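The next block holds one structure in the form of structure tokens; read it before the comments.
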Amino acid sequence: MTKCTAEIVRVLEHLGVEYLFGYPGGRAIELLESLADSDIQVVRPRDEREASVMAEMYGRYHQSPGVLTGQGPWIGSIGAIGQMEAQLGSSPMVALTEASERGDYSTLAPYQQARGDYGGFSLPKILDGITKEWWFPRSANETIRSVQLAFKHSTANRPGPTAVILDGDAVTAEVPESDTPPLWSPEAQTRNWDSAPTEETVSTASKILSDADRPVIIAGNGVHVSQCYDELLEVAEAYDAVVTTSYLGKSTIPETHDRAAGVIGSFGHEGANQAVSEADALLVVGCRMNPMDTNWQAASFIRPDEQAIIHADIETRNAGWVYPADVGLIGDAGQSLSALASAGSGQNGWALDRAAEARTDFTAPACDSDQRPILPQRAVAEINEIVDAETIVTADSGNNRFWLLNYLQTPAIRTYFGSGGVGGMGWAGPAGVSAAITTDKDVVAVAGDGGFTMTMTCVETAVEYGVAPTFVVLNDTSLGMVRQMDDSIPGVEFHDTDFVAVAEGFGAEGMRVTEPENLAARLKEAKAADVPTVVDVRIDREQDMAETLQSSFYAEVGGLHE
């Protein structure tokens with residue numbers, strides 16, 4: 001017989017887990033002890049928050065569950081951010097945590113106890129609110145089965161986070177060689193099957209697109225999840241359609257492609273928004289159409305009474321959720337697009353010219369400005385120059401991500417990922433380190449000074465694990481988005497932190513850039529460095545992001561802001 005934690009490790013190995021992101025604590029220590037002789041690499045950042053973001057980014061990029069571990073009280077608190085992003089952003093993720101259970105002492109003025117008994121707090125209730133599914137097994141047999149099911153459910157249907165709360169007695173128990181009910185192999189227990197739309201719905205959708213004079217596709221995060229980039233282009237070409245994306249769908253099509261029109265939404269590309277509004281047929285693929293995507297339901301943006309809407313989603317609940325759909329294609333996005341591509345075709349003579357016109361919004365005179373302080377538009381234009389098909393950009397929340405959304409043109413698929421599920425600040429740095437550790441790509445992580453400071457210890461993690469992402473801080477020494485809403489709001493100004501000294505203290509390199517003519521050379525130098533490099537770019541704090549970038553449709557509803 002083998003100890004339960006050793007059997008958990010065997011399950012992880014059988015399922016091809018390469019990395020485990022976590023922090024020692026509680027019964028998670030015993031799991032980490034059992035990993036000592038495994039080929040699974042343990043990535044230990046400075047806290048559970050960063051570990052959760054790293055696991056979420058791994059799941060989002062690789063579409064294989066990112067594994068998170070740590071002590072229950074912290075996985076359920078600071079470690080919740082990555083799980084919330086995974087839940088709303090559809091990233092497969094498995095948390096292996098524990099309840100700090102202490103046997104007979106657990107009901108005696110408990111310390112850290114998270115079972116939910118009197119005097120403690122309830123980790124199950126927390127996880128119930130931020131995961132797809134969770135398990136609290138009480139035997140070794142049940143624990144192994146729960147771990148297998150956690151992997152299954154994290155990738156079943158719409159991907160998301162799952163969690164297993166390891167119980168003390170079960171963790172230390174031996175796994176019986178034969179038991180009832182029996183344990184099946186990890187491969188058998190975790191298998192899922194793709195779903196596909198019906199022939200009837202595909203035929204109806206195909207006719208709508210074939211007959212359309214102005215067909216437009218809205219590609220969402222579901223295209224990333226299914227990794228059906230080729231199928232997306234096949235459909236666009238078959239039906240002569242313009243391709244726009246949601247924010248989370250950015251880089252599902254290269255924005256240099258002749259059918260690409262950009263990102264829709266409140267602070268998206270005006271040309272992309274206008275193309276969607278002009279469409280007579282919309283094919284929405286893997287996008288739930290959240291308020292930011294839909295310009296907060298501006299009446300003139302999407303009009304179900306005037307436009308035919310085809311909604312392809314793996315969740316029948318999501319199809320037609322926000323706007324009534326004429327046709328729902330329910331199933332894996334790749335299956336739906338493949339079926340559509342084979343079902344018909346159409347020509348209209350409109351799409352290529354319309355997409356080309358829309359792409360004129362990808363730059364602006366400010367992108368070439370020599371103004372001092374450096375304009376954020378110019379900063380992003382220079383970032384754009386160092387990004388190629390082998391570079392991953394991670395974007396934080398706040399003003400910085402909208403400057404990036406508009407003026408960084410993704411040169412290839414899967415080159416841009418942003419915090420846009422729950423949209424938490426501090427995401428870009430740990431996500432960038434995760435990408436650097438788990439891929440062979442160059443990585444550029446972009447954040448404002450507020451978001452970067454939240455998780456800047458990830459720079460030290462990059463040093464420790466021998467990777468060299470570039471961290472770009474668009475620094476206005478404030479909480480820019482909130483300050484620009486109303487500068488009388490308390491707490492929007494920040495101390496001017498010396499990020500060069502911080503980076504050097506972590507063993508990385510740092511540089512401050514204040515002159516626009518120096519920025520290009522410093523960014524190239526940072527990207528070419530063989531150690532992590534923080535580039536502190538001092539930007540013009542008076543460039544009002546919302547005023548500059550808001551779409552005409554967003555203005556129509558009064559500029560509600562986030």
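Identifiers in this document derive from the order of the structure tokens: chains are assigned A, B, ..., residues are numbered from 1 separately in each chain, and ligands are numbered from 1 in order of occurrence.
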
Closest pair table for region 158-265 of chain A residues within 12 Å of region 546-558 of chain A, only C-alpha atoms, as JSON lines:
```
{"residue": "A:Val263", "atom": "CA", "partner": "A:Ser551", "partner_atom": "CA", "distance": 11.1}
{"residue": "A:Ile264", "atom": "CA", "partner": "A:Ser551", "partner_atom": "CA", "distance": 8.9}
{"residue": "A:Gly265", "atom": "CA", "partner": "A:Ser551", "partner_atom": "CA", "distance": 7.3}
```

Practice task
From a DSSP calculation on the backbone, collect every residue of region 158-212 of chain A in helix (DSSP H, G or I) and output the set as an NGL selection string.
Solution key: :A and (168-172 or 186-189 or 199-211)

Exercise for the section: Using DSSP on the backbone, list every residue of region 57-255 of chain A that comes out as strand (DSSP E), and give them as a PyMOL selection string. Expected result: chain A and resi 66-69+93-98+133-135+161-166+174-175+215-219+242-245

What would the file look like if the residues just selected were written as a CSV table (one decimal), in the first residue's frame with N, CA, C and O atoms?
```csv
chain,number,residue,atom,x,y,z
A,66,GLY,N,-4.0,24.1,-14.7
A,66,GLY,CA,-2.9,24.6,-13.9
A,66,GLY,C,-3.2,24.1,-12.4
A,66,GLY,O,-4.3,24.2,-11.9
A,67,VAL,N,-2.2,23.6,-11.8
A,67,VAL,CA,-2.3,23.0,-10.4
A,67,VAL,C,-1.8,23.9,-9.4
A,67,VAL,O,-0.7,24.4,-9.4
A,68,LEU,N,-2.6,24.3,-8.4
A,68,LEU,CA,-2.3,25.2,-7.3
A,68,LEU,C,-2.4,24.4,-6.0
A,68,LEU,O,-3.3,23.6,-5.8
A,69,THR,N,-1.4,24.7,-5.1
A,69,THR,CA,-1.5,24.1,-3.8
A,69,THR,C,-1.1,25.1,-2.7
A,69,THR,O,-0.4,26.0,-3.0
A,93,MET,N,-8.2,24.7,-14.1
A,93,MET,CA,-7.4,24.8,-12.9
A,93,MET,C,-7.8,23.9,-11.8
A,93,MET,O,-9.0,23.7,-11.6
A,94,VAL,N,-6.9,23.3,-11.1
A,94,VAL,CA,-7.2,22.4,-10.0
A,94,VAL,C,-6.4,22.9,-8.7
A,94,VAL,O,-5.2,23.0,-8.8
A,95,ALA,N,-7.1,23.2,-7.7
A,95,ALA,CA,-6.5,23.6,-6.4
A,95,ALA,C,-6.5,22.4,-5.5
A,95,ALA,O,-7.6,21.8,-5.2
A,96,LEU,N,-5.4,22.0,-5.0
A,96,LEU,CA,-5.2,20.9,-4.0
A,96,LEU,C,-4.9,21.6,-2.7
A,96,LEU,O,-3.7,22.0,-2.4
A,97,THR,N,-5.8,21.8,-1.8
A,97,THR,CA,-5.6,22.5,-0.6
A,97,THR,C,-6.0,21.7,0.6
A,97,THR,O,-6.2,20.5,0.5
A,98,GLU,N,-6.2,22.3,1.8
A,98,GLU,CA,-6.6,21.6,3.0
A,98,GLU,C,-7.3,22.5,4.0
A,98,GLU,O,-7.3,23.7,3.7
A,133,GLU,N,-16.5,23.3,-9.1
A,133,GLU,CA,-16.9,22.1,-8.2
A,133,GLU,C,-15.8,22.0,-7.2
A,133,GLU,O,-14.6,22.4,-7.4
A,134,TRP,N,-16.2,21.5,-6.0
A,134,TRP,CA,-15.2,21.2,-5.0
A,134,TRP,C,-15.5,19.9,-4.2
A,134,TRP,O,-16.6,19.5,-4.3
A,135,TRP,N,-14.5,19.3,-3.6
A,135,TRP,CA,-14.7,18.0,-2.9
A,135,TRP,C,-14.0,18.2,-1.6
A,135,TRP,O,-12.9,18.8,-1.4
A,161,PRO,N,-12.1,26.5,-12.6
A,161,PRO,CA,-11.3,26.0,-11.5
A,161,PRO,C,-12.1,25.0,-10.6
A,161,PRO,O,-13.4,25.1,-10.5
A,162,THR,N,-11.5,24.0,-10.2
A,162,THR,CA,-12.0,23.0,-9.2
A,162,THR,C,-11.1,22.9,-8.0
A,162,THR,O,-10.0,23.4,-8.1
A,163,ALA,N,-11.5,22.3,-6.9
A,163,ALA,CA,-10.7,22.2,-5.7
A,163,ALA,C,-11.0,21.0,-5.0
A,163,ALA,O,-12.1,20.5,-4.9
A,164,VAL,N,-9.9,20.4,-4.3
A,164,VAL,CA,-10.0,19.3,-3.4
A,164,VAL,C,-9.5,19.8,-2.1
A,164,VAL,O,-8.3,20.2,-2.0
A,165,ILE,N,-10.3,19.6,-1.0
A,165,ILE,CA,-9.8,20.0,0.3
A,165,ILE,C,-9.3,18.7,1.0
A,165,ILE,O,-10.1,17.8,1.3
A,166,LEU,N,-8.0,18.6,1.2
A,166,LEU,CA,-7.4,17.4,1.7
A,166,LEU,C,-7.7,17.3,3.3
A,166,LEU,O,-7.4,18.3,4.0
A,174,GLU,N,-3.1,5.1,4.3
A,174,GLU,CA,-2.7,4.3,3.2
A,174,GLU,C,-3.8,4.0,2.2
A,174,GLU,O,-5.0,3.8,2.6
A,175,VAL,N,-3.5,4.0,0.9
A,175,VAL,CA,-4.5,3.7,-0.1
A,175,VAL,C,-4.6,2.2,-0.2
A,175,VAL,O,-3.6,1.5,-0.6
A,215,PRO,N,-21.6,40.2,-43.2
A,215,PRO,CA,-21.4,39.3,-42.0
A,215,PRO,C,-20.2,39.7,-41.2
A,215,PRO,O,-19.1,40.0,-41.7
A,216,VAL,N,-20.4,39.6,-39.9
A,216,VAL,CA,-19.3,40.0,-39.0
A,216,VAL,C,-19.2,38.9,-37.9
A,216,VAL,O,-20.2,38.4,-37.4
A,217,ILE,N,-18.0,38.4,-37.6
A,217,ILE,CA,-17.8,37.5,-36.5
A,217,ILE,C,-17.2,38.2,-35.3
A,217,ILE,O,-16.4,39.1,-35.4
A,218,ILE,N,-17.7,37.8,-34.1
A,218,ILE,CA,-17.2,38.3,-32.8
A,218,ILE,C,-16.6,37.0,-32.2
A,218,ILE,O,-17.3,36.1,-31.8
A,219,ALA,N,-15.2,37.0,-32.2
A,219,ALA,CA,-14.5,35.8,-31.6
A,219,ALA,C,-14.1,36.1,-30.2
A,219,ALA,O,-13.5,37.1,-29.9
A,242,VAL,N,-16.0,39.8,-41.8
A,242,VAL,CA,-15.1,40.6,-41.0
A,242,VAL,C,-14.9,39.9,-39.7
A,242,VAL,O,-15.9,39.3,-39.2
A,243,VAL,N,-13.7,39.9,-39.1
A,243,VAL,CA,-13.5,39.3,-37.8
A,243,VAL,C,-13.2,40.3,-36.7
A,243,VAL,O,-12.2,41.0,-36.8
A,244,THR,N,-14.0,40.5,-35.7
A,244,THR,CA,-13.7,41.3,-34.5
A,244,THR,C,-13.5,40.3,-33.4
A,244,THR,O,-13.8,39.1,-33.5
A,245,THR,N,-13.0,40.8,-32.3
A,245,THR,CA,-12.9,40.0,-31.1
A,245,THR,C,-13.4,40.7,-29.8
A,245,THR,O,-13.5,41.9,-29.8
```

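Closest approach to His224 (chain A) from the set A:Val284, A:Ala343, A:Ile413, A:Ala508 is made by A:Ile413, with distances taken over only C-alpha atoms.
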
Problem - Shell of 8 Å around Gly344 (chain A), only C-alpha atoms, local chain residues under 3 positions omitted, as a ChimeraX atom specification - result: /A:206-207,210,238-239,340-341

Selection: 12 Å around Gln543 (chain A), only C-alpha atoms, excl. self and same-chain fewer than 5 positions, as a PDB file with C-alpha atoms, in the first residue's frame:
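Result file is selection.pdb:
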```
ATOM      1  CA  ALA A 366      -0.172  60.359 -30.350  1.00  0.00           C
ATOM      2  CA  GLN A 371       5.765  64.951 -26.023  1.00  0.00           C
ATOM      3  CA  ARG A 372       7.157  64.851 -22.488  1.00  0.00           C
ATOM      4  CA  PRO A 373       6.147  63.182 -20.231  1.00  0.00           C
ATOM      5  CA  ILE A 374       5.870  60.159 -22.515  1.00  0.00           C
ATOM      6  CA  LEU A 375       2.361  59.668 -23.811  1.00  0.00           C
ATOM      7  CA  PRO A 376       0.922  56.222 -23.018  1.00  0.00           C
ATOM      8  CA  GLN A 377       0.054  55.877 -26.714  1.00  0.00           C
ATOM      9  CA  ARG A 378       3.729  56.352 -27.627  1.00  0.00           C
ATOM     10  CA  ASN A 399      -5.827  52.108 -17.889  1.00  0.00           C
ATOM     11  CA  ASN A 400      -2.766  50.242 -19.135  1.00  0.00           C
ATOM     12  CA  TRP A 403      -3.975  51.548 -24.113  1.00  0.00           C
ATOM     13  CA  ASP A 476       1.766  57.717 -13.480  1.00  0.00           C
ATOM     14  CA  GLY A 480      -4.858  56.279 -12.831  1.00  0.00           C
ATOM     15  CA  MET A 481      -8.289  55.025 -13.871  1.00  0.00           C
ATOM     16  CA  ARG A 483      -8.062  59.278 -10.317  1.00  0.00           C
ATOM     17  CA  GLN A 484      -9.261  60.239 -13.771  1.00  0.00           C
ATOM     18  CA  THR A 548      -9.556  59.410 -25.356  1.00  0.00           C
ATOM     19  CA  LEU A 549     -10.565  55.804 -26.009  1.00  0.00           C
TER      20      LEU A 549
END
```

Got a sec: who's within 6 Å of region 309-321 of chain A, counting only C-alpha atoms, leaving out chain neighbours fewer than 4 positions off, as a short mmCIF file (atom, residue, chain, number, x, y, z; two decimals) with N, CA, C and O atoms, in the first residue's frame?
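Saved as result02.cif:
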```cif
data_model
loop_
_atom_site.label_atom_id
_atom_site.label_comp_id
_atom_site.auth_asym_id
_atom_site.auth_seq_id
_atom_site.Cartn_x
_atom_site.Cartn_y
_atom_site.Cartn_z
N ALA A 281 -25.61 40.25 -40.25
CA ALA A 281 -25.54 38.94 -39.60
C ALA A 281 -24.32 38.90 -38.71
O ALA A 281 -23.21 39.25 -39.13
N LEU A 282 -24.53 38.47 -37.48
CA LEU A 282 -23.45 38.36 -36.50
C LEU A 282 -23.27 36.90 -36.09
O LEU A 282 -24.24 36.24 -35.72
N LEU A 283 -22.03 36.42 -36.15
CA LEU A 283 -21.69 35.11 -35.63
C LEU A 283 -20.84 35.33 -34.39
O LEU A 283 -19.69 35.77 -34.48
N VAL A 284 -21.42 35.05 -33.23
CA VAL A 284 -20.73 35.22 -31.95
C VAL A 284 -20.18 33.85 -31.54
O VAL A 284 -20.95 32.90 -31.39
N VAL A 285 -18.86 33.75 -31.37
CA VAL A 285 -18.23 32.46 -31.10
C VAL A 285 -17.52 32.49 -29.75
O VAL A 285 -16.54 33.23 -29.57
N GLY A 286 -18.02 31.72 -28.79
CA GLY A 286 -17.33 31.58 -27.51
C GLY A 286 -17.20 32.88 -26.75
O GLY A 286 -16.18 33.13 -26.12
N ARG A 288 -19.53 35.41 -24.11
CA ARG A 288 -20.78 35.57 -23.38
C ARG A 288 -21.37 36.96 -23.52
O ARG A 288 -22.47 37.22 -23.08
N ALA A 325 -30.85 35.07 -29.63
CA ALA A 325 -30.17 34.50 -30.80
C ALA A 325 -31.19 33.87 -31.74
O ALA A 325 -32.15 33.24 -31.31
N ASP A 326 -30.95 34.04 -33.04
CA ASP A 326 -31.78 33.36 -34.03
C ASP A 326 -31.41 31.89 -34.14
O ASP A 326 -32.26 31.04 -34.40
N VAL A 327 -30.12 31.59 -33.95
CA VAL A 327 -29.63 30.21 -33.99
C VAL A 327 -28.60 30.03 -32.90
O VAL A 327 -27.72 30.88 -32.71
N GLY A 328 -28.70 28.92 -32.18
CA GLY A 328 -27.68 28.57 -31.20
C GLY A 328 -26.91 27.35 -31.68
O GLY A 328 -27.51 26.30 -31.96
N LEU A 329 -25.61 27.48 -31.80
CA LEU A 329 -24.74 26.33 -32.12
C LEU A 329 -24.10 25.89 -30.82
O LEU A 329 -23.16 26.53 -30.33
N ILE A 330 -24.61 24.82 -30.24
CA ILE A 330 -24.18 24.41 -28.91
C ILE A 330 -23.14 23.29 -29.03
O ILE A 330 -23.41 22.22 -29.58
N GLY A 331 -21.95 23.60 -28.53
CA GLY A 331 -20.88 22.61 -28.57
C GLY A 331 -19.53 23.29 -28.54
O GLY A 331 -19.41 24.52 -28.45
N ASP A 332 -18.49 22.48 -28.64
CA ASP A 332 -17.13 22.99 -28.70
C ASP A 332 -17.01 23.96 -29.87
O ASP A 332 -17.51 23.70 -30.97
#
```

For Val422 (chain A), find every residue with an atom within 10 Å (counting only C-alpha atoms), except residues of its own chain fewer than 4 positions away, and show them as a PDB file with N, CA and C atoms, in the first residue's frame.
```
ATOM      1  N   ILE A  81      -7.822  35.024  -5.975  1.00  0.00           N
ATOM      2  CA  ILE A  81      -7.857  35.876  -7.163  1.00  0.00           C
ATOM      3  C   ILE A  81      -7.658  35.072  -8.447  1.00  0.00           C
ATOM      4  N   GLY A  82      -6.708  34.134  -8.440  1.00  0.00           N
ATOM      5  CA  GLY A  82      -6.502  33.322  -9.632  1.00  0.00           C
ATOM      6  C   GLY A  82      -7.676  32.407  -9.907  1.00  0.00           C
ATOM      7  N   GLN A  83      -8.300  31.915  -8.846  1.00  0.00           N
ATOM      8  CA  GLN A  83      -9.457  31.044  -9.024  1.00  0.00           C
ATOM      9  C   GLN A  83     -10.656  31.827  -9.561  1.00  0.00           C
ATOM     10  N   MET A  84     -10.834  33.057  -9.108  1.00  0.00           N
ATOM     11  CA  MET A  84     -11.929  33.874  -9.629  1.00  0.00           C
ATOM     12  C   MET A  84     -11.695  34.218 -11.095  1.00  0.00           C
ATOM     13  N   GLU A  85     -10.462  34.542 -11.445  1.00  0.00           N
ATOM     14  CA  GLU A  85     -10.149  34.821 -12.846  1.00  0.00           C
ATOM     15  C   GLU A  85     -10.400  33.584 -13.700  1.00  0.00           C
ATOM     16  N   ALA A  86     -10.020  32.416 -13.182  1.00  0.00           N
ATOM     17  CA  ALA A  86     -10.252  31.162 -13.909  1.00  0.00           C
ATOM     18  C   ALA A  86     -11.741  30.886 -14.061  1.00  0.00           C
ATOM     19  N   GLN A  87     -12.529  31.189 -13.029  1.00  0.00           N
ATOM     20  CA  GLN A  87     -13.969  30.926 -13.077  1.00  0.00           C
ATOM     21  C   GLN A  87     -14.660  31.787 -14.127  1.00  0.00           C
ATOM     22  N   LEU A  88     -14.348  33.078 -14.156  1.00  0.00           N
ATOM     23  CA  LEU A  88     -15.001  33.973 -15.103  1.00  0.00           C
ATOM     24  C   LEU A  88     -14.305  33.988 -16.461  1.00  0.00           C
ATOM     25  N   GLY A  89     -13.046  33.551 -16.499  1.00  0.00           N
ATOM     26  CA  GLY A  89     -12.298  33.542 -17.750  1.00  0.00           C
ATOM     27  C   GLY A  89     -12.155  32.172 -18.379  1.00  0.00           C
ATOM     28  N   SER A 397      -4.927  44.955 -15.235  1.00  0.00           N
ATOM     29  CA  SER A 397      -6.186  45.683 -15.238  1.00  0.00           C
ATOM     30  C   SER A 397      -5.892  47.170 -15.079  1.00  0.00           C
TER      31      SER A 397
END
```

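Among the candidates A:Ala140, A:Ile253, A:Ala275, A:Ile489, the one nearest to Asp353 (chain A) when counting only C-alpha atoms is A:Ala275.
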
Closest pair table for region 109-218 of chain A residues within 10 Å of region 334-338 of chain A, only C-alpha atoms, as CSV:
```
residue,atom,partner,partner_atom,distance
A:Asp194,CA,A:Gln335,CA,7.9
A:Ser195,CA,A:Gln335,CA,7.5
A:Ala196,CA,A:Gln335,CA,5.5
A:Pro197,CA,A:Ser336,CA,6.1
A:Thr198,CA,A:Ser336,CA,9.1
A:Thr201,CA,A:Ser336,CA,9.9
A:Val202,CA,A:Ser336,CA,7.7
```

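CA of Trp74 (chain A) lies 27.8 Å from CA of His14 (chain A).
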
Completion exercise
Shortest contact to Glu50 (chain A), candidates A:Ala260, A:Ile392, A:Ala447, A:Cys458, atoms counted only C-alpha atoms, goes to A:Cys458

Handout entry: Arg354 (chain A) surroundings by only C-alpha atoms, 8 Å radius, close-in-sequence under 2 positions cut, as JSON, numbers by chain
Key = {"A": [242, 261, 275, 350, 351, 352, 356, 357, 358]}

Keeping N, CA, C and O atoms for every residue in the selection just given, could you write it to a file as a PDB file, in the first residue's frame?
```
ATOM      1  N   VAL A 242     -15.973  39.828 -41.850  1.00  0.00           N
ATOM      2  CA  VAL A 242     -15.064  40.600 -40.998  1.00  0.00           C
ATOM      3  C   VAL A 242     -14.925  39.855 -39.669  1.00  0.00           C
ATOM      4  O   VAL A 242     -15.891  39.264 -39.173  1.00  0.00           O
ATOM      5  N   ALA A 261     -10.552  43.264 -37.690  1.00  0.00           N
ATOM      6  CA  ALA A 261     -11.055  44.627 -37.513  1.00  0.00           C
ATOM      7  C   ALA A 261     -10.806  45.166 -36.114  1.00  0.00           C
ATOM      8  O   ALA A 261     -11.121  46.318 -35.838  1.00  0.00           O
ATOM      9  N   ALA A 275     -18.233  48.229 -37.233  1.00  0.00           N
ATOM     10  CA  ALA A 275     -18.469  47.091 -38.122  1.00  0.00           C
ATOM     11  C   ALA A 275     -19.538  46.166 -37.565  1.00  0.00           C
ATOM     12  O   ALA A 275     -20.411  45.675 -38.297  1.00  0.00           O
ATOM     13  N   TRP A 350     -17.775  43.292 -49.427  1.00  0.00           N
ATOM     14  CA  TRP A 350     -17.789  44.337 -48.392  1.00  0.00           C
ATOM     15  C   TRP A 350     -16.719  44.127 -47.336  1.00  0.00           C
ATOM     16  O   TRP A 350     -16.074  45.086 -46.898  1.00  0.00           O
ATOM     17  N   ALA A 351     -16.485  42.881 -46.947  1.00  0.00           N
ATOM     18  CA  ALA A 351     -15.750  42.576 -45.718  1.00  0.00           C
ATOM     19  C   ALA A 351     -14.301  43.061 -45.732  1.00  0.00           C
ATOM     20  O   ALA A 351     -13.837  43.669 -44.761  1.00  0.00           O
ATOM     21  N   LEU A 352     -13.560  42.788 -46.778  1.00  0.00           N
ATOM     22  CA  LEU A 352     -12.132  43.116 -46.773  1.00  0.00           C
ATOM     23  C   LEU A 352     -11.914  44.622 -46.710  1.00  0.00           C
ATOM     24  O   LEU A 352     -11.034  45.101 -45.967  1.00  0.00           O
ATOM     25  N   ALA A 356     -10.210  46.642 -43.514  1.00  0.00           N
ATOM     26  CA  ALA A 356      -9.075  47.533 -43.738  1.00  0.00           C
ATOM     27  C   ALA A 356      -9.359  48.928 -43.190  1.00  0.00           C
ATOM     28  O   ALA A 356      -8.493  49.560 -42.564  1.00  0.00           O
ATOM     29  N   GLU A 357     -10.564  49.402 -43.404  1.00  0.00           N
ATOM     30  CA  GLU A 357     -10.950  50.707 -42.864  1.00  0.00           C
ATOM     31  C   GLU A 357     -10.915  50.695 -41.339  1.00  0.00           C
ATOM     32  O   GLU A 357     -10.441  51.643 -40.697  1.00  0.00           O
ATOM     33  N   ALA A 358     -11.395  49.599 -40.741  1.00  0.00           N
ATOM     34  CA  ALA A 358     -11.414  49.496 -39.275  1.00  0.00           C
ATOM     35  C   ALA A 358     -10.006  49.523 -38.701  1.00  0.00           C
ATOM     36  O   ALA A 358      -9.776  50.081 -37.624  1.00  0.00           O
TER      37      ALA A 358
END
```

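Among the candidates A:Gly505, A:Pro65, A:Gly168, A:Gly268, the residue lying nearest to Leu31 (chain A) is A:Gly168 (atoms considered: only C-alpha atoms).
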
Exercise for the section: Measuring atom to atom with only C-alpha atoms, identify which of A:Asn348, A:Ser342, A:Thr438, A:Ser488 is nearest to Ala205 (chain A). Expected result: A:Ser342
